[in-house]
file target_20.cif (mmCIF, C-alpha atoms and all ligand atoms)
data_work
loop_
_atom_site.label_atom_id
_atom_site.label_comp_id
_atom_site.auth_asym_id
_atom_site.auth_seq_id
_atom_site.Cartn_x
_atom_site.Cartn_y
_atom_site.Cartn_z
CA MET A 1 42.60 81.77 55.12
CA ALA A 2 44.06 84.04 52.48
CA GLY A 3 47.43 85.75 52.96
CA LYS A 4 48.12 88.16 55.75
CA TYR A 5 48.85 91.82 55.27
CA THR A 6 52.44 92.86 55.95
CA LEU A 7 54.13 96.21 56.39
CA PRO A 8 55.94 97.10 53.14
CA ALA A 9 59.50 98.43 53.38
CA LEU A 10 59.92 102.08 52.45
CA PRO A 11 61.52 102.70 49.04
CA TYR A 12 64.04 105.07 50.78
CA GLY A 13 65.70 105.48 54.17
CA TYR A 14 63.88 106.92 57.17
CA GLY A 15 65.94 110.10 57.04
CA ALA A 16 65.75 110.51 53.26
CA LEU A 17 62.73 112.82 53.16
CA ALA A 18 64.09 115.31 55.72
CA PRO A 19 63.56 118.16 56.23
CA ALA A 20 60.05 117.81 54.73
CA ILE A 21 59.51 114.75 56.96
CA SER A 22 62.11 114.07 59.66
CA GLU A 23 63.62 110.67 60.37
CA GLN A 24 61.80 110.48 63.70
CA GLN A 25 58.43 111.44 62.18
CA LEU A 26 58.73 109.01 59.29
CA THR A 27 59.89 106.18 61.54
CA VAL A 28 56.95 106.56 63.92
CA HIS A 29 54.50 106.98 61.07
CA HIS A 30 55.69 103.87 59.25
CA GLN A 31 56.61 101.54 62.13
CA LYS A 32 53.84 102.47 64.55
CA HIS A 33 50.89 103.98 62.69
CA HIS A 34 51.05 102.06 59.41
CA GLN A 35 51.89 98.86 61.29
CA ALA A 36 48.78 99.37 63.42
CA TYR A 37 46.56 99.32 60.30
CA VAL A 38 48.30 96.17 59.06
CA ASN A 39 47.71 94.51 62.42
CA GLY A 40 44.15 95.82 62.55
CA ALA A 41 43.30 94.49 59.09
CA ASN A 42 44.69 91.05 59.97
CA ALA A 43 42.81 91.03 63.28
CA VAL A 44 39.47 91.82 61.61
CA PHE A 45 40.02 89.08 59.04
CA GLU A 46 40.86 86.63 61.82
CA LYS A 47 37.58 87.53 63.52
CA ILE A 48 35.69 87.06 60.25
CA GLU A 49 37.39 83.73 59.52
CA LYS A 50 36.61 82.47 63.01
CA ALA A 51 32.93 83.40 62.68
CA ARG A 52 32.75 81.63 59.31
CA LYS A 53 34.41 78.55 60.73
CA ASP A 54 32.22 78.49 63.84
CA GLY A 55 29.10 79.37 61.90
CA THR A 56 28.41 82.34 64.21
CA ASP A 57 27.01 85.70 63.17
CA LEU A 58 29.14 88.79 62.78
CA ASP A 59 28.03 92.28 63.71
CA MET A 60 28.16 92.95 59.98
CA LYS A 61 27.85 96.72 60.01
CA ALA A 62 30.53 97.25 62.68
CA THR A 63 32.83 94.58 61.23
CA LEU A 64 32.76 95.97 57.71
CA LYS A 65 33.33 99.51 58.93
CA GLU A 66 36.35 98.32 60.91
CA LEU A 67 37.63 96.30 57.96
CA SER A 68 37.33 99.24 55.57
CA PHE A 69 39.14 101.48 58.07
CA HIS A 70 42.13 99.19 58.54
CA VAL A 71 42.48 97.87 54.99
CA GLY A 72 41.98 101.39 53.70
CA GLY A 73 44.57 102.73 56.13
CA HIS A 74 47.08 100.07 55.08
CA ARG A 75 46.56 100.61 51.37
CA MET A 76 46.56 104.41 51.55
CA HIS A 77 49.84 104.46 53.47
CA SER A 78 51.44 102.05 50.99
CA LYS A 79 50.46 104.38 48.16
CA PHE A 80 51.64 107.44 50.10
CA TRP A 81 55.18 106.10 50.65
CA GLU A 82 55.44 105.25 46.95
CA ASN A 83 54.44 108.71 45.73
CA MET A 84 57.27 110.41 47.62
CA ALA A 85 61.04 110.49 47.03
CA PRO A 86 63.98 112.46 48.45
CA ALA A 87 64.05 116.07 47.25
CA GLY A 88 66.11 116.38 44.09
CA LYS A 89 66.33 112.57 43.74
CA GLY A 90 62.92 111.98 42.23
CA GLY A 91 61.12 114.21 44.72
CA GLY A 92 59.82 117.70 43.98
CA GLY A 93 59.43 119.61 40.77
CA MET A 94 56.58 119.46 38.32
CA PRO A 95 54.91 116.58 36.47
CA LYS A 96 56.15 116.02 32.94
CA GLY A 97 54.79 114.72 29.66
CA ALA A 98 51.33 113.19 29.49
CA LEU A 99 50.67 113.69 33.20
CA ALA A 100 51.49 117.39 32.93
CA ASP A 101 49.04 117.62 30.01
CA VAL A 102 46.28 115.87 31.95
CA ILE A 103 46.74 118.15 34.95
CA SER A 104 46.93 121.40 33.00
CA GLY A 105 44.05 120.26 30.78
CA GLU A 106 41.87 119.62 33.81
CA PHE A 107 42.89 122.41 36.14
CA GLY A 108 44.10 125.06 33.69
CA SER A 109 47.68 124.96 34.96
CA PHE A 110 49.90 123.03 37.35
CA GLU A 111 49.92 126.00 39.72
CA ARG A 112 46.12 125.99 39.85
CA PHE A 113 46.10 122.23 40.54
CA LYS A 114 48.68 122.67 43.30
CA LYS A 115 46.58 125.42 44.86
CA GLU A 116 43.36 123.38 44.79
CA PHE A 117 45.06 120.22 46.09
CA THR A 118 46.76 122.21 48.85
CA GLN A 119 43.46 123.80 49.87
CA ALA A 120 41.78 120.38 49.89
CA ALA A 121 44.56 118.92 52.08
CA VAL A 122 44.72 121.81 54.52
CA SER A 123 40.95 121.94 55.02
CA VAL A 124 40.28 118.24 55.66
CA GLU A 125 38.10 118.19 58.75
CA GLY A 126 39.81 116.05 61.38
CA SER A 127 41.76 113.07 60.08
CA GLY A 128 42.01 112.30 56.41
CA TRP A 129 43.74 112.59 53.08
CA ALA A 130 43.86 114.65 49.93
CA ALA A 131 43.95 112.53 46.80
CA LEU A 132 44.03 112.92 43.05
CA SER A 133 41.98 110.25 41.32
CA PHE A 134 41.89 109.41 37.64
CA ASP A 135 38.75 108.38 35.84
CA PRO A 136 39.88 106.44 32.74
CA HIS A 137 36.35 106.31 31.35
CA GLU A 138 36.05 110.04 30.74
CA PRO A 139 39.11 110.38 31.07
CA ARG A 140 39.82 113.07 33.65
CA ALA A 141 41.50 113.75 36.99
CA MET A 142 39.68 114.86 40.13
CA ILE A 143 40.65 115.82 43.65
CA SER A 144 39.03 114.22 46.65
CA GLN A 145 39.09 115.15 50.30
CA ILE A 146 38.98 111.86 52.14
CA GLU A 147 37.80 111.50 55.73
CA LYS A 148 39.59 108.82 57.76
CA HIS A 149 40.92 106.50 55.02
CA THR A 150 38.00 105.73 52.77
CA VAL A 151 35.12 108.20 53.21
CA ASN A 152 34.46 110.41 50.14
CA THR A 153 36.61 108.40 47.73
CA TYR A 154 35.68 107.99 44.06
CA PRO A 155 35.40 104.55 42.45
CA PHE A 156 38.48 105.38 40.37
CA LYS A 157 42.18 104.81 40.82
CA MET A 158 43.89 107.16 43.26
CA ILE A 159 47.08 108.29 41.59
CA LEU A 160 48.40 110.73 44.21
CA VAL A 161 47.70 110.67 47.95
CA LEU A 162 48.75 112.91 50.83
CA ASP A 163 48.24 111.92 54.46
CA VAL A 164 47.06 114.83 56.59
CA TRP A 165 46.22 112.90 59.72
CA GLU A 166 47.86 114.72 62.61
CA HIS A 167 50.07 111.66 63.17
CA ALA A 168 51.68 112.39 59.77
CA TYR A 169 53.22 115.71 60.84
CA TYR A 170 52.81 116.55 64.53
CA LEU A 171 56.40 115.77 65.57
CA ASP A 172 57.77 118.11 62.89
CA TYR A 173 55.11 120.78 62.57
CA LYS A 174 52.96 120.52 65.71
CA ASN A 175 49.56 121.86 64.57
CA ASP A 176 50.83 123.57 61.41
CA ARG A 177 49.35 121.31 58.74
CA ALA A 178 49.65 124.02 56.08
CA LYS A 179 53.44 124.10 56.50
CA PHE A 180 53.60 120.31 56.19
CA VAL A 181 51.52 120.39 53.00
CA GLU A 182 53.73 123.16 51.59
CA ASN A 183 56.83 121.03 52.20
CA PHE A 184 55.19 117.89 50.81
CA TRP A 185 55.56 119.41 47.34
CA ASN A 186 59.36 119.16 47.78
CA VAL A 187 59.19 115.37 48.09
CA VAL A 188 56.28 114.46 45.79
CA ASN A 189 57.34 111.84 43.24
CA TRP A 190 55.44 112.18 39.96
CA ASP A 191 56.74 108.98 38.32
CA PRO A 192 54.46 106.56 40.22
CA VAL A 193 51.59 109.01 39.76
CA GLU A 194 51.90 108.71 35.98
CA LYS A 195 52.43 104.92 36.23
CA ARG A 196 49.18 104.60 38.19
CA ARG A 197 47.38 106.70 35.57
CA GLN A 198 48.71 104.43 32.81
CA LYS A 199 47.58 101.40 34.79
CA ALA A 200 44.09 102.87 35.13
CA LEU A 201 43.96 103.36 31.36
CA GLN A 202 45.17 99.80 30.72
CA MET A 203 42.45 98.39 32.94
CA MET A 204 39.96 99.88 30.46
CA LYS A 205 41.23 97.60 27.68
MN MN A 301 49.16 108.12 58.39
#

call {"tool": "encode", "arguments": {"input": "target_20.cif", "output": "structure tokens"}}
result
Amino acid sequence: MAGKYTLPALPYGYGALAPAISEQQLTVHHQKHHQAYVNGANAVFEKIEKARKDGTDLDMKATLKELSFHVGGHRMHSKFWENMAPAGKGGGGMPKGALADVISGEFGSFERFKKEFTQAAVSVEGSGWAALSFDPHEPRAMISQIEKHTVNTYPFKMILVLDVWEHAYYLDYKNDRAKFVENFWNVVNWDPVEKRRQKALQMMK
């Protein structure tokens, strides 16, 4: 069997994103919710491996849906932690350089992008994510409104992701998702966003 998924350590302390995300909220989100996707992904693979070994049939449709949910959840959270940083120490502010040009070229201005991304995040129906994806073929950036962890994604690299599942903010904001999204902009880290965009371009070569 191939390697198991493991929970990655956060690139900052649990209290480092406060007050945008409190220590308690971030701890529960990382140690309980993200861990559950890691465990879920490993459990589905164990089930698949066992069926292959035993030569038994899988309920393919249900198994693949479950696999996509857990692997997607694990990967999305890993990306999410990376594209945040403590306010004033990498977090907050505006994108610079080539990334700023891509965003203003696509959306007209950074403010317009921020408004559209915010609206996408706030209006996700139920549990999901807002994401900015980059199509290196065109090349251009596009927003997606993801349901659960994987529904409505584009087949391009996601360069910025924001978790708007209720479990991401309920301890700090109760039902006020809009306030959480507003404060997310204080801890967004643009450096990995640009690195991911560069990586997407390199994969074209
Ligand atoms: Mn989450």

call {"tool": "atom_distance", "arguments": {"input": "target_20.cif", "atom1": "atom CA of A:Gly92", "atom2": "atom CA of A:Asn183"}}
result
9.4 Å

call {"tool": "closest_residue", "arguments": {"input": "target_20.cif", "among": "A:Thr63, A:Gly126, A:Pro192, A:Leu162", "to": "A:Glu49", "atoms": "all atoms listed in the file"}}
result
A:Thr63

call {"tool": "residues_near_ligand", "arguments": {"input": "target_20.cif", "ligand": "ligand MN 301 (chain A)", "cutoff": "7 Å", "atoms": "all atoms listed in the file", "output": "VMD selection string"}}
result
chain A and resid 29 33 to 34 77 163 165 167 to 168

call {"tool": "closest_residue", "arguments": {"input": "target_20.cif", "among": "A:Phe69, A:Leu99, A:Ala85, A:Gly3", "to": "A:Glu46", "atoms": "all atoms listed in the file"}}
result
A:Gly3

call {"tool": "closest_residue", "arguments": {"input": "target_20.cif", "among": "A:Asp191, A:Asp101, A:Lys89, A:Arg197", "to": "A:Leu132", "atoms": "only C-alpha atoms"}}
result
A:Arg197

call {"tool": "residues_around", "arguments": {"input": "target_20.cif", "residues": "A:Trp185", "least_positions_apart": "4", "cutoff": "9 Å", "atoms": "all atoms listed in the file", "output": "ChimeraX atom specification"}}
result
/A:20,91-93,114,181,189

call {"tool": "write_last_selection", "arguments": {"input": "target_20.cif", "atoms": "C-alpha atoms", "output": "mmCIF file, in the coordinates of the input"}}
result
data_model
loop_
_atom_site.group_PDB
_atom_site.id
_atom_site.type_symbol
_atom_site.label_atom_id
_atom_site.label_comp_id
_atom_site.auth_asym_id
_atom_site.auth_seq_id
_atom_site.Cartn_x
_atom_site.Cartn_y
_atom_site.Cartn_z
ATOM 1 C CA ALA A 20 60.050 117.810 54.730
ATOM 2 C CA GLY A 91 61.120 114.210 44.720
ATOM 3 C CA GLY A 92 59.820 117.700 43.980
ATOM 4 C CA GLY A 93 59.430 119.610 40.770
ATOM 5 C CA LYS A 114 48.680 122.670 43.300
ATOM 6 C CA VAL A 181 51.520 120.390 53.000
ATOM 7 C CA ASN A 189 57.340 111.840 43.240
#

call {"tool": "residues_around", "arguments": {"input": "target_20.cif", "residues": "A:Ala130", "least_positions_apart": "2", "cutoff": "8 Å", "atoms": "all atoms listed in the file", "output": "mmCIF file with C-alpha atoms, in the frame of the given file"}}
result
data_model
loop_
_atom_site.group_PDB
_atom_site.id
_atom_site.type_symbol
_atom_site.label_atom_id
_atom_site.label_comp_id
_atom_site.auth_asym_id
_atom_site.auth_seq_id
_atom_site.Cartn_x
_atom_site.Cartn_y
_atom_site.Cartn_z
ATOM 1 C CA PHE A 117 45.060 120.220 46.090
ATOM 2 C CA ALA A 120 41.780 120.380 49.890
ATOM 3 C CA ALA A 121 44.560 118.920 52.080
ATOM 4 C CA VAL A 124 40.280 118.240 55.660
ATOM 5 C CA GLY A 128 42.010 112.300 56.410
ATOM 6 C CA LEU A 132 44.030 112.920 43.050
ATOM 7 C CA ILE A 143 40.650 115.820 43.650
ATOM 8 C CA SER A 144 39.030 114.220 46.650
ATOM 9 C CA GLN A 145 39.090 115.150 50.300
ATOM 10 C CA ILE A 146 38.980 111.860 52.140
ATOM 11 C CA VAL A 161 47.700 110.670 47.950
ATOM 12 C CA LEU A 162 48.750 112.910 50.830
ATOM 13 C CA ASP A 163 48.240 111.920 54.460
ATOM 14 C CA VAL A 164 47.060 114.830 56.590
#

call {"tool": "closest_residue", "arguments": {"input": "target_20.cif", "among": "A:Tyr170, A:Tyr5, A:Tyr154, A:Tyr12", "to": "A:Gln25", "atoms": "all atoms listed in the file"}}
result
A:Tyr170

call {"tool": "axis_aligned_box", "arguments": {"input": "target_20.cif", "around": "stretch 73-85 of chain A", "padding_each_side": "8 Å", "output": "AutoDock Vina command-line options"}}
result
--center_x 52.8 --center_y 105.3 --center_z 50.9 --size_x 32.5 --size_y 26.4 --size_z 26.4

call {"tool": "closest_residue", "arguments": {"input": "target_20.cif", "among": "A:Gly88, A:Gly108, A:Pro19, A:Gly72", "to": "A:Lys179", "atoms": "only C-alpha atoms"}}
result
A:Pro19

call {"tool": "closest_residue", "arguments": {"input": "target_20.cif", "among": "A:Leu26, A:Gln202, A:Leu67, A:Asp59", "to": "A:Phe45", "atoms": "only C-alpha atoms"}}
result
A:Leu67

call {"tool": "atom_distance", "arguments": {"input": "target_20.cif", "atom1": "atom CA of A:Arg140", "atom2": "atom CA of A:Ile103"}}
result
8.7 Å

call {"tool": "atom_distance", "arguments": {"input": "target_20.cif", "atom1": "atom CA of A:Gly13", "atom2": "atom CA of A:Lys96"}}
result
25.6 Å

call {"tool": "residues_around", "arguments": {"input": "target_20.cif", "residues": "A:Ala141", "least_positions_apart": "6", "cutoff": "10 Å", "atoms": "all atoms listed in the file", "output": "mmCIF file with C-alpha atoms, in the frame of the given file"}}
result
data_model
loop_
_atom_site.group_PDB
_atom_site.id
_atom_site.type_symbol
_atom_site.label_atom_id
_atom_site.label_comp_id
_atom_site.auth_asym_id
_atom_site.auth_seq_id
_atom_site.Cartn_x
_atom_site.Cartn_y
_atom_site.Cartn_z
ATOM 1 C CA LEU A 99 50.670 113.690 33.200
ATOM 2 C CA VAL A 102 46.280 115.870 31.950
ATOM 3 C CA ILE A 103 46.740 118.150 34.950
ATOM 4 C CA GLY A 105 44.050 120.260 30.780
ATOM 5 C CA GLU A 106 41.870 119.620 33.810
ATOM 6 C CA PHE A 107 42.890 122.410 36.140
ATOM 7 C CA LEU A 132 44.030 112.920 43.050
ATOM 8 C CA SER A 133 41.980 110.250 41.320
ATOM 9 C CA PHE A 134 41.890 109.410 37.640
ATOM 10 C CA ASP A 135 38.750 108.380 35.840
ATOM 11 C CA PHE A 156 38.480 105.380 40.370
ATOM 12 C CA LYS A 157 42.180 104.810 40.820
ATOM 13 C CA MET A 158 43.890 107.160 43.260
ATOM 14 C CA ILE A 159 47.080 108.290 41.590
ATOM 15 C CA ARG A 197 47.380 106.700 35.570
#

call {"tool": "decode", "arguments": {"input": "target_20.cif", "residues": "stretch 135-163 of chain A", "atoms": "C-alpha atoms", "output": "CSV table (one decimal), in the first residue's frame"}}
result
chain,number,residue,atom,x,y,z
A,135,ASP,CA,-5.5,28.5,-15.9
A,136,PRO,CA,-1.9,28.5,-17.3
A,137,HIS,CA,-3.1,27.7,-20.8
A,138,GLU,CA,-5.0,30.9,-21.3
A,139,PRO,CA,-3.6,32.2,-18.9
A,140,ARG,CA,-6.1,33.7,-16.6
A,141,ALA,CA,-7.5,33.6,-13.0
A,142,MET,CA,-11.0,32.6,-12.1
A,143,ILE,CA,-13.1,32.3,-8.9
A,144,SER,CA,-14.9,29.2,-8.0
A,145,GLN,CA,-17.5,28.5,-5.4
A,146,ILE,CA,-16.9,25.0,-4.2
A,147,GLU,CA,-19.5,22.8,-2.6
A,148,LYS,CA,-18.2,20.4,0.1
A,149,HIS,CA,-14.5,20.1,-0.9
A,150,THR,CA,-14.5,19.2,-4.6
A,151,VAL,CA,-17.8,20.0,-6.3
A,152,ASN,CA,-17.6,22.9,-8.9
A,153,THR,CA,-13.8,23.0,-9.1
A,154,TYR,CA,-12.0,23.7,-12.3
A,155,PRO,CA,-9.3,21.4,-13.7
A,156,PHE,CA,-6.7,24.1,-12.9
A,157,LYS,CA,-4.5,24.8,-10.0
A,158,MET,CA,-6.2,26.5,-7.0
A,159,ILE,CA,-3.9,29.3,-5.9
A,160,LEU,CA,-6.0,30.7,-3.1
A,161,VAL,CA,-8.6,28.9,-1.0
A,162,LEU,CA,-10.9,30.1,1.8
A,163,ASP,CA,-12.8,27.6,4.0
